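Next up, input-v8.txt (compact mmCIF, C-alpha atoms and all ligand atoms):
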```
# COMPACT_ATOMS: atom_id res chain seq x y z
CA MET A 4 10.72 9.42 15.76
CA THR A 5 12.19 12.68 14.50
CA ASN A 6 10.21 15.62 13.29
CA ASN A 7 10.88 16.91 9.78
CA ASN A 8 12.07 20.27 8.46
CA TYR A 9 8.98 20.97 6.45
CA THR A 10 6.78 20.63 9.50
CA ASP A 11 9.11 23.04 11.32
CA GLU A 12 8.57 25.55 8.53
CA GLY A 13 4.83 25.17 8.94
CA TYR A 14 4.38 22.74 6.07
CA LEU A 15 2.49 19.49 6.31
CA THR A 16 4.12 16.77 4.22
CA ILE A 17 2.09 14.14 2.37
CA ALA A 18 3.83 11.05 0.92
CA LEU A 19 2.14 9.53 -2.11
CA ALA A 20 2.88 6.06 -3.49
CA LYS A 21 4.24 6.71 -7.01
CA GLY A 22 2.07 5.42 -9.84
CA ARG A 23 -1.64 4.80 -10.09
CA LEU A 24 -2.37 5.42 -6.40
CA ALA A 25 -0.66 8.83 -6.63
CA GLU A 26 -2.74 9.78 -9.68
CA ILE A 27 -6.02 8.99 -7.89
CA SER A 28 -4.77 10.58 -4.65
CA MET A 29 -4.04 13.83 -6.52
CA ASP A 30 -7.60 13.91 -7.88
CA LEU A 31 -8.93 13.51 -4.33
CA PHE A 32 -6.69 16.28 -3.01
CA ILE A 33 -7.77 18.59 -5.84
CA LYS A 34 -11.40 17.89 -4.90
CA ILE A 35 -10.77 19.03 -1.31
CA GLY A 36 -9.10 22.23 -2.51
CA LEU A 37 -5.38 21.43 -2.48
CA ASP A 38 -3.17 22.50 -5.38
CA CYS A 39 -1.66 19.50 -7.20
CA ALA A 40 -1.20 21.26 -10.57
CA GLU A 41 2.61 21.09 -10.52
CA MET A 42 2.54 17.39 -9.63
CA LYS A 43 0.11 16.65 -12.46
CA GLU A 44 2.67 17.85 -15.02
CA LYS A 45 4.92 15.16 -16.46
CA THR A 46 8.15 15.76 -14.56
CA ARG A 47 10.81 13.78 -12.72
CA LYS A 48 10.58 15.99 -9.67
CA LEU A 49 9.84 14.20 -6.42
CA ILE A 50 8.75 17.07 -4.22
CA PHE A 51 5.95 19.56 -4.91
CA THR A 52 4.64 22.49 -2.91
CA ASP A 53 1.16 23.87 -2.46
CA GLU A 54 2.22 27.27 -1.08
CA LYS A 55 -1.30 28.47 -0.42
CA ASN A 56 -2.19 25.55 1.83
CA LYS A 57 1.37 25.04 3.14
CA ILE A 58 1.52 21.44 1.97
CA LYS A 59 4.47 19.53 0.52
CA PHE A 60 3.75 16.43 -1.53
CA ILE A 61 6.51 13.87 -1.94
CA LEU A 62 6.44 10.99 -4.42
CA VAL A 63 7.97 7.81 -3.02
CA LYS A 64 8.03 4.12 -3.89
CA ALA A 65 4.88 2.50 -2.48
CA THR A 66 6.80 0.18 -0.15
CA ASP A 67 8.69 3.17 1.31
CA VAL A 68 5.60 5.23 2.26
CA PRO A 69 5.29 3.66 5.78
CA THR A 70 8.98 4.39 6.45
CA TYR A 71 8.65 8.11 5.56
CA VAL A 72 5.60 8.40 7.79
CA GLU A 73 7.08 6.38 10.66
CA TYR A 74 10.19 8.60 10.81
CA GLY A 75 8.14 11.79 10.51
CA ALA A 76 9.69 12.74 7.15
CA ALA A 77 6.04 12.76 6.07
CA ASP A 78 3.09 13.59 8.31
CA ILE A 79 0.62 11.74 6.12
CA GLY A 80 0.89 8.84 3.68
CA ILE A 81 -1.44 7.41 1.06
CA VAL A 82 -0.62 3.77 0.52
CA GLY A 83 -2.14 0.37 -0.19
CA LYS A 84 -3.27 -1.85 2.69
CA ASP A 85 -1.03 -4.61 1.24
CA THR A 86 2.05 -2.46 1.92
CA LEU A 87 0.83 -1.63 5.44
CA LEU A 88 0.15 -5.28 6.29
CA GLU A 89 3.48 -6.42 4.91
CA ASP A 90 5.42 -3.63 6.57
CA GLY A 91 3.75 -3.92 9.98
CA LYS A 92 4.79 -0.43 11.15
CA ASN A 93 2.94 1.21 13.98
CA LEU A 94 1.05 3.93 12.08
CA TYR A 95 -2.37 5.45 12.60
CA GLU A 96 -4.66 4.25 9.80
CA MET A 97 -7.25 7.01 9.59
CA ILE A 98 -9.34 6.39 6.46
CA ASP A 99 -10.13 3.61 4.01
CA LEU A 100 -10.08 5.65 0.79
CA HIS A 101 -11.99 2.98 -1.15
CA PHE A 102 -9.85 3.18 -4.27
CA GLY A 103 -7.12 0.85 -5.50
CA LYS A 104 -9.47 -1.97 -4.51
CA CYS A 105 -8.15 -5.50 -4.97
CA LYS A 106 -7.58 -8.60 -2.85
CA MET A 107 -4.70 -10.65 -1.50
CA ALA A 108 -5.11 -14.29 -2.47
CA VAL A 109 -3.45 -17.66 -2.68
CA ALA A 110 -3.35 -18.64 -6.36
CA GLY A 111 -2.00 -21.51 -8.37
CA PRO A 112 -2.89 -24.22 -10.88
CA LYS A 113 -6.53 -25.33 -10.54
CA ASP A 114 -5.55 -28.84 -9.43
CA MET A 115 -3.78 -27.39 -6.38
CA LYS A 116 -7.13 -26.50 -4.82
CA ASP A 117 -7.70 -30.01 -3.42
CA LYS A 118 -4.02 -30.56 -2.54
CA LEU A 119 -3.37 -27.23 -0.85
CA ASP A 120 -3.99 -28.46 2.71
CA SER A 121 -2.14 -31.75 2.33
CA ILE A 122 1.19 -30.84 0.67
CA ASN A 123 4.09 -30.96 3.12
CA ASN A 124 6.30 -27.89 3.19
CA LEU A 125 4.21 -26.02 0.62
CA ARG A 126 6.40 -23.71 -1.50
CA VAL A 127 4.86 -20.25 -1.70
CA ALA A 128 6.29 -17.59 -4.02
CA THR A 129 5.41 -14.01 -3.11
CA LYS A 130 6.36 -10.35 -2.88
CA TYR A 131 4.64 -10.43 0.53
CA PRO A 132 6.49 -12.91 2.80
CA ASN A 133 5.03 -11.52 6.04
CA ILE A 134 1.45 -11.65 4.79
CA ALA A 135 1.99 -15.17 3.43
CA LEU A 136 3.58 -16.41 6.66
CA ASP A 137 0.87 -14.82 8.77
CA TYR A 138 -1.83 -16.47 6.68
CA PHE A 139 -0.37 -19.97 6.40
CA GLN A 140 1.50 -20.30 9.69
CA ARG A 141 -0.49 -18.20 12.15
CA GLN A 142 -4.00 -18.55 10.73
CA LYS A 143 -3.84 -22.04 9.23
CA GLY A 144 -1.09 -23.61 11.37
CA ARG A 145 0.80 -24.76 8.28
CA THR A 146 4.56 -24.99 7.77
CA ILE A 147 5.51 -23.42 4.46
CA GLU A 148 8.62 -22.45 2.53
CA ILE A 149 8.61 -18.83 1.37
CA ILE A 150 10.23 -17.99 -1.94
CA LYS A 151 10.61 -14.20 -2.02
CA LEU A 152 10.24 -12.63 -5.45
CA ASN A 153 10.07 -9.00 -6.57
CA GLY A 154 7.57 -9.23 -9.43
CA SER A 155 5.98 -11.42 -12.12
CA VAL A 156 5.15 -13.80 -9.28
CA GLU A 157 2.64 -15.70 -11.45
CA LEU A 158 5.59 -17.21 -13.29
CA ALA A 159 6.79 -19.19 -10.26
CA PRO A 160 4.28 -22.09 -10.32
CA LEU A 161 4.46 -22.24 -14.13
CA VAL A 162 8.17 -23.06 -14.09
CA GLY A 163 8.17 -25.25 -10.97
CA LEU A 164 9.72 -22.65 -8.67
CA SER A 165 6.77 -22.85 -6.28
CA ASP A 166 3.54 -24.78 -5.69
CA VAL A 167 1.40 -21.65 -5.25
CA ILE A 168 1.70 -17.87 -4.98
CA VAL A 169 0.39 -15.25 -2.57
CA ASP A 170 -0.26 -12.08 -4.54
CA ILE A 171 -2.60 -9.23 -5.33
CA VAL A 172 -5.52 -9.97 -7.63
CA GLU A 173 -7.20 -6.95 -9.17
CA SER A 174 -8.89 -7.72 -12.50
CA GLY A 175 -7.78 -11.37 -12.40
CA MET A 176 -6.38 -11.05 -15.93
CA THR A 177 -2.76 -11.90 -15.02
CA LEU A 178 -3.89 -15.15 -13.38
CA LYS A 179 -6.28 -16.00 -16.23
CA GLU A 180 -3.77 -15.36 -18.99
CA ASN A 181 -1.26 -17.59 -17.21
CA GLY A 182 -3.70 -20.44 -16.57
CA LEU A 183 -3.86 -19.91 -12.80
CA ASP A 184 -6.84 -19.66 -10.45
CA VAL A 185 -7.57 -18.05 -7.10
CA LEU A 186 -7.42 -20.93 -4.58
CA GLU A 187 -8.16 -19.02 -1.37
CA ASP A 188 -8.94 -15.38 -0.54
CA ILE A 189 -6.77 -13.85 2.18
CA CYS A 190 -8.16 -10.30 2.56
CA GLU A 191 -9.61 -7.27 0.81
CA LEU A 192 -7.25 -4.38 0.03
CA SER A 193 -7.56 -0.68 -0.82
CA ALA A 194 -5.69 2.60 -0.40
CA ARG A 195 -5.42 3.95 3.15
CA PHE A 196 -4.67 7.36 4.72
CA VAL A 197 -2.04 6.97 7.43
CA THR A 198 -0.35 9.34 9.83
CA ASN A 199 1.95 9.08 12.85
CA LYS A 200 1.73 9.83 16.55
CA VAL A 201 3.95 12.93 16.47
CA SER A 202 2.08 14.57 13.58
CA MET A 203 -1.22 13.91 15.37
CA LYS A 204 0.21 15.61 18.47
CA LEU A 205 1.79 18.58 16.67
CA HIS A 206 -0.83 19.28 14.00
CA PRO A 207 -4.08 17.61 15.07
CA GLU A 208 -6.29 20.31 13.53
CA ARG A 209 -4.53 20.33 10.16
CA VAL A 210 -4.43 16.53 9.86
CA MET A 211 -8.03 16.12 11.02
CA ASP A 212 -9.22 18.87 8.65
CA ILE A 213 -7.85 16.84 5.70
CA VAL A 214 -9.28 13.61 7.17
CA LYS A 215 -12.71 15.23 7.54
CA LYS A 216 -12.73 16.62 4.00
CA LEU A 217 -11.56 13.33 2.49
CA LYS A 218 -14.13 11.35 4.48
CA GLU A 219 -16.84 13.53 2.98
CA ILE A 220 -15.88 12.58 -0.57
CA VAL A 221 -14.84 8.92 -0.37
C1 LIG B 301 0.33 -6.84 -9.72
C2 LIG B 301 0.17 -8.16 -8.99
C3 LIG B 301 -0.30 -9.08 -10.07
C4 LIG B 301 -1.14 -8.17 -10.95
C5 LIG B 301 -2.60 -8.36 -10.64
O1 LIG B 301 1.55 -6.85 -10.37
O2 LIG B 301 1.38 -8.55 -8.38
O3 LIG B 301 0.77 -9.60 -10.79
O4 LIG B 301 -0.75 -6.82 -10.65
O5 LIG B 301 -3.42 -7.56 -11.46
P1 LIG B 301 -4.62 -8.17 -12.29
O6 LIG B 301 -5.40 -9.09 -11.41
O7 LIG B 301 -5.41 -6.95 -12.69
O8 LIG B 301 -4.04 -8.87 -13.48
P2 LIG B 301 2.22 -5.55 -10.94
O9 LIG B 301 1.45 -5.03 -12.10
O10 LIG B 301 2.41 -4.58 -9.83
O11 LIG B 301 3.62 -6.05 -11.51
P3 LIG B 301 4.71 -7.04 -10.90
O12 LIG B 301 4.22 -8.43 -11.19
O13 LIG B 301 5.95 -6.73 -11.65
O14 LIG B 301 4.83 -6.78 -9.44
```

Kindly present the structure from the file in structure tokens form.
Ligand code: PRP
Amino acid sequence: MTNNNYTDEGYLTIALAKGRLAEISMDLFIKIGLDCAEMKEKTRKLIFTDEKNKIKFILVKATDVPTYVEYGAADIGIVGKDTLLEDGKNLYEMIDLHFGKCKMAVAGPKDMKDKLDSINNLRVATKYPNIALDYFQRQKGRTIEIIKLNGSVELAPLVGLSDVIVDIVESGMTLKENGLDVLEDICELSARFVTNKVSMKLHPERVMDIVKKLKEIV
């Protein structure tokens, strides 16, 4: 793992997953006294500085947050547990931030509920092949065929591309409006605070100060 330039300059770098998680993360950071004003403005910038607290915020695609933290390009990352489970990188998960709550589930047409355990070579469409394989093969001892998709996964069983899906369920509206049901729950998900070994060695006080303050408010 390499160390990053910002850390060398005395900055701590925090990678936020672009989108809704970043919005909520900013509100949390504001509450613990960090300056996110520049990031709150509508801009296409990807890097923001809180000069007073010597913090750099970077906005990255959710699935890339573990990579930035693993390589030390970011000291801290705020990212969904789904991304961490799928990615499988060796990061330190410090806090469950208790927002972005949802669950990973197997879903499909209602009549699949009784057939799920008997279909040979079940076809599973998902954005999360590792989570799906871990659940069906390792936990349930089933042989499945993974069909990797990048979005609108609920479509797959509707057009015969797959038997079921493994996906995130938040409000349940996407499933409901497409006539699908949750068949089995896999796990609960929420946003997590992660860091890496090098950052914990180089800046333990600074990282733990943020951890402590966040723990007090979540
Ligand atoms: C996610 C997820 C489901 C939906 C669940 O998709 O993959 O499709 O949200 O939310 P709900 O239970 O509140 O309806 P996302 O919005 O990220 O879009 P995508 O399908 O293009 O990945």

Listed atoms of ligand LIG 301 (chain B), axis-aligned box, 3 Å per side: centre and edge lengths to one decimal in Å, as JSON?
```
{"center_x": 0.3, "center_y": -7.1, "center_z": -10.9, "size_x": 17.4, "size_y": 11.0, "size_z": 11.1}
```

Residues within 7 Å of ligand LIG 301 (chain B), counting only C-alpha atoms and all ligand atoms, as a PDB file with C-alpha atoms, in the frame of the given file:
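And here is the file that came out, out_20.pdb:
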```pdb
ATOM      1  CA  ASN A 153      10.070  -9.000  -6.570  1.00  0.00           C
ATOM      2  CA  GLY A 154       7.570  -9.230  -9.430  1.00  0.00           C
ATOM      3  CA  SER A 155       5.980 -11.420 -12.120  1.00  0.00           C
ATOM      4  CA  VAL A 156       5.150 -13.800  -9.280  1.00  0.00           C
ATOM      5  CA  GLU A 157       2.640 -15.700 -11.450  1.00  0.00           C
ATOM      6  CA  ASP A 170      -0.260 -12.080  -4.540  1.00  0.00           C
ATOM      7  CA  ILE A 171      -2.600  -9.230  -5.330  1.00  0.00           C
ATOM      8  CA  VAL A 172      -5.520  -9.970  -7.630  1.00  0.00           C
ATOM      9  CA  GLU A 173      -7.200  -6.950  -9.170  1.00  0.00           C
ATOM     10  CA  SER A 174      -8.890  -7.720 -12.500  1.00  0.00           C
ATOM     11  CA  GLY A 175      -7.780 -11.370 -12.400  1.00  0.00           C
ATOM     12  CA  MET A 176      -6.380 -11.050 -15.930  1.00  0.00           C
ATOM     13  CA  THR A 177      -2.760 -11.900 -15.020  1.00  0.00           C
ATOM     14  CA  LEU A 178      -3.890 -15.150 -13.380  1.00  0.00           C
TER      15      LEU A 178
END
```

Do a neighbour search on Glu89 of chain A at 12 Å with all atoms listed in the file, toss out local chain neighbours closer than 2 positions, and write the hits as a ChimeraX atom specification. /A:65-67,69,82-87,91-93,107,129-138,169-170,192

Excluding same-chain residues fewer than 2 positions from Asp30 of chain A, what lies within 12 Å of it counting all atoms listed in the file, as a ChimeraX atom specification? /A:23-28,32-40,42-43,102,217,220-221

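One finds atom CA of Lys106 of chain A at 25.5 Å from atom CA of Asn199 of chain A.
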
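Between His101 of chain A and the residues A:Arg195, A:Lys64, A:Arg209, A:Lys59, the shortest atom-to-atom distance, using all atoms listed in the file, involves A:Arg195.
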
Excluding Ala77 of chain A and any residue of its chain fewer than 6 positions from it, enumerate the residues within 6 Å of it, using all atoms listed in the file, and give them as a ChimeraX atom specification. /A:16-18,71

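Nearest residue to Asp117 of chain A, choosing from A:Asp78, A:Glu148, A:Glu73, A:Glu187 and counting all atoms listed in the file: A:Glu187.
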
Counting only C-alpha atoms, closest pick from A:Lys104, A:Thr52, A:Ile168, A:Ala20 relative to Ile79 of chain A is A:Ala20

Quick one: everything within 12 Å of Gly182 of chain A, counting only C-alpha atoms, minus sequence neighbours fewer than 2 positions away in the same chain. Send it as a PyMOL selection string. chain A and resi 110-114+157-158+160-161+175-180+184-185

I'd like the neighbourhood of Glu41 of chain A as an MDAnalysis selection string, where a residue qualifies if any of its atoms comes within 12 Å (using only C-alpha atoms), though same-chain residues fewer than 6 positions away should be ignored. chainID A and resid 29 33 47:54 59:61

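Of the residues listed (A:Met203, A:Val162, A:Leu183, A:Met115), A:Met203 shows the shortest atom-to-atom separation from Val72 of chain A; distances use all atoms listed in the file.
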
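In this model, the gap between atom CA of Glu191 of chain A and atom CA of Val210 of chain A comes to 26.0 Å.
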
For atom CA of Leu119 of chain A and atom CA of Asp90 of chain A, the interatomic separation in Å (one decimal): 26.3 Å

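Nearest residue to Ile98 of chain A, choosing from A:Leu152, A:Leu205, A:Ala194, A:Leu164 and counting all atoms listed in the file: A:Ala194.
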
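Proximity ranking of A:Lys204, A:Leu62, A:Gln140, A:Ile81 relative to Gly103 of chain A places A:Ile81 first, based on all atoms listed in the file.
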
With all heavy atoms as the goal, would you fill in the gaps in segment 193-204 of chain A and present it as a JSON list (two decimals), in the coordinates of the input?
```json
[["chain", "number", "residue", "atom", "x", "y", "z"],
["A", 193, "SER", "N", -7.25, -1.97, -0.18],
["A", 193, "SER", "CA", -7.56, -0.68, -0.82],
["A", 193, "SER", "C", -6.57, 0.35, -0.28],
["A", 193, "SER", "O", -5.80, 0.05, 0.64],
["A", 193, "SER", "CB", -8.99, -0.25, -0.51],
["A", 193, "SER", "OG", -9.18, -0.22, 0.89],
["A", 194, "ALA", "N", -6.62, 1.56, -0.85],
["A", 194, "ALA", "CA", -5.69, 2.60, -0.40],
["A", 194, "ALA", "C", -6.12, 3.15, 0.97],
["A", 194, "ALA", "O", -7.31, 3.26, 1.25],
["A", 194, "ALA", "CB", -5.67, 3.73, -1.42],
["A", 195, "ARG", "N", -5.14, 3.45, 1.80],
["A", 195, "ARG", "CA", -5.42, 3.95, 3.15],
["A", 195, "ARG", "C", -4.68, 5.27, 3.39],
["A", 195, "ARG", "O", -3.61, 5.51, 2.85],
["A", 195, "ARG", "CB", -4.98, 2.94, 4.22],
["A", 195, "ARG", "CG", -5.55, 1.54, 4.03],
["A", 195, "ARG", "CD", -7.06, 1.53, 4.19],
["A", 195, "ARG", "NE", -7.64, 0.38, 3.55],
["A", 195, "ARG", "CZ", -8.05, -0.71, 4.19],
["A", 195, "ARG", "NH1", -7.92, -0.79, 5.49],
["A", 195, "ARG", "NH2", -8.59, -1.72, 3.51],
["A", 196, "PHE", "N", -5.28, 6.10, 4.25],
["A", 196, "PHE", "CA", -4.67, 7.36, 4.72],
["A", 196, "PHE", "C", -4.04, 7.06, 6.06],
["A", 196, "PHE", "O", -4.72, 6.64, 6.99],
["A", 196, "PHE", "CB", -5.80, 8.39, 4.85],
["A", 196, "PHE", "CG", -5.40, 9.75, 5.37],
["A", 196, "PHE", "CD1", -5.40, 10.85, 4.53],
["A", 196, "PHE", "CD2", -5.06, 9.94, 6.71],
["A", 196, "PHE", "CE1", -5.07, 12.11, 5.02],
["A", 196, "PHE", "CE2", -4.72, 11.18, 7.19],
["A", 196, "PHE", "CZ", -4.73, 12.28, 6.35],
["A", 197, "VAL", "N", -2.72, 7.25, 6.16],
["A", 197, "VAL", "CA", -2.04, 6.97, 7.43],
["A", 197, "VAL", "C", -1.31, 8.21, 7.93],
["A", 197, "VAL", "O", -0.92, 9.08, 7.16],
["A", 197, "VAL", "CB", -1.03, 5.80, 7.32],
["A", 197, "VAL", "CG1", -1.74, 4.49, 7.09],
["A", 197, "VAL", "CG2", 0.02, 6.06, 6.24],
["A", 198, "THR", "N", -1.15, 8.27, 9.23],
["A", 198, "THR", "CA", -0.35, 9.34, 9.83],
["A", 198, "THR", "C", 0.43, 8.75, 11.00],
["A", 198, "THR", "O", 0.41, 7.53, 11.20],
["A", 198, "THR", "CB", -1.24, 10.53, 10.26],
["A", 198, "THR", "OG1", -0.43, 11.60, 10.74],
["A", 198, "THR", "CG2", -2.25, 10.15, 11.33],
["A", 199, "ASN", "N", 1.17, 9.60, 11.72],
["A", 199, "ASN", "CA", 1.95, 9.08, 12.85],
["A", 199, "ASN", "C", 1.59, 9.84, 14.12],
["A", 199, "ASN", "O", 0.91, 10.87, 14.08],
["A", 199, "ASN", "CB", 3.45, 9.18, 12.54],
["A", 199, "ASN", "CG", 3.88, 10.62, 12.34],
["A", 199, "ASN", "OD1", 3.66, 11.47, 13.20],
["A", 199, "ASN", "ND2", 4.46, 10.92, 11.19],
["A", 200, "LYS", "N", 2.08, 9.30, 15.24],
["A", 200, "LYS", "CA", 1.73, 9.83, 16.55],
["A", 200, "LYS", "C", 2.18, 11.29, 16.72],
["A", 200, "LYS", "O", 1.43, 12.13, 17.20],
["A", 200, "LYS", "CB", 2.43, 8.96, 17.60],
["A", 200, "LYS", "CG", 1.83, 8.97, 18.96],
["A", 200, "LYS", "CD", 2.54, 7.94, 19.81],
["A", 200, "LYS", "CE", 2.10, 8.06, 21.25],
["A", 200, "LYS", "NZ", 2.80, 7.09, 22.09],
["A", 201, "VAL", "N", 3.41, 11.58, 16.27],
["A", 201, "VAL", "CA", 3.95, 12.93, 16.47],
["A", 201, "VAL", "C", 3.15, 13.96, 15.67],
["A", 201, "VAL", "O", 2.80, 15.02, 16.18],
["A", 201, "VAL", "CB", 5.45, 12.97, 16.08],
["A", 201, "VAL", "CG1", 5.98, 14.40, 16.05],
["A", 201, "VAL", "CG2", 6.26, 12.15, 17.06],
["A", 202, "SER", "N", 2.84, 13.63, 14.41],
["A", 202, "SER", "CA", 2.08, 14.57, 13.58],
["A", 202, "SER", "C", 0.69, 14.80, 14.17],
["A", 202, "SER", "O", 0.16, 15.92, 14.12],
["A", 202, "SER", "CB", 1.96, 14.03, 12.15],
["A", 202, "SER", "OG", 3.23, 13.90, 11.60],
["A", 203, "MET", "N", 0.10, 13.77, 14.76],
["A", 203, "MET", "CA", -1.22, 13.91, 15.37],
["A", 203, "MET", "C", -1.15, 14.77, 16.64],
["A", 203, "MET", "O", -2.12, 15.40, 17.03],
["A", 203, "MET", "CB", -1.81, 12.54, 15.71],
["A", 203, "MET", "CG", -2.45, 11.85, 14.53],
["A", 203, "MET", "SD", -3.71, 12.86, 13.74],
["A", 203, "MET", "CE", -5.07, 12.65, 14.87],
["A", 204, "LYS", "N", 0.03, 14.77, 17.27],
["A", 204, "LYS", "CA", 0.21, 15.61, 18.47],
["A", 204, "LYS", "C", 0.49, 17.06, 18.09],
["A", 204, "LYS", "O", -0.03, 17.98, 18.69],
["A", 204, "LYS", "CB", 1.41, 15.08, 19.28],
["A", 204, "LYS", "CG", 1.00, 14.16, 20.40],
["A", 204, "LYS", "CD", 1.97, 14.27, 21.56],
["A", 204, "LYS", "CE", 1.47, 13.40, 22.69],
["A", 204, "LYS", "NZ", 2.30, 12.23, 22.86]]
```
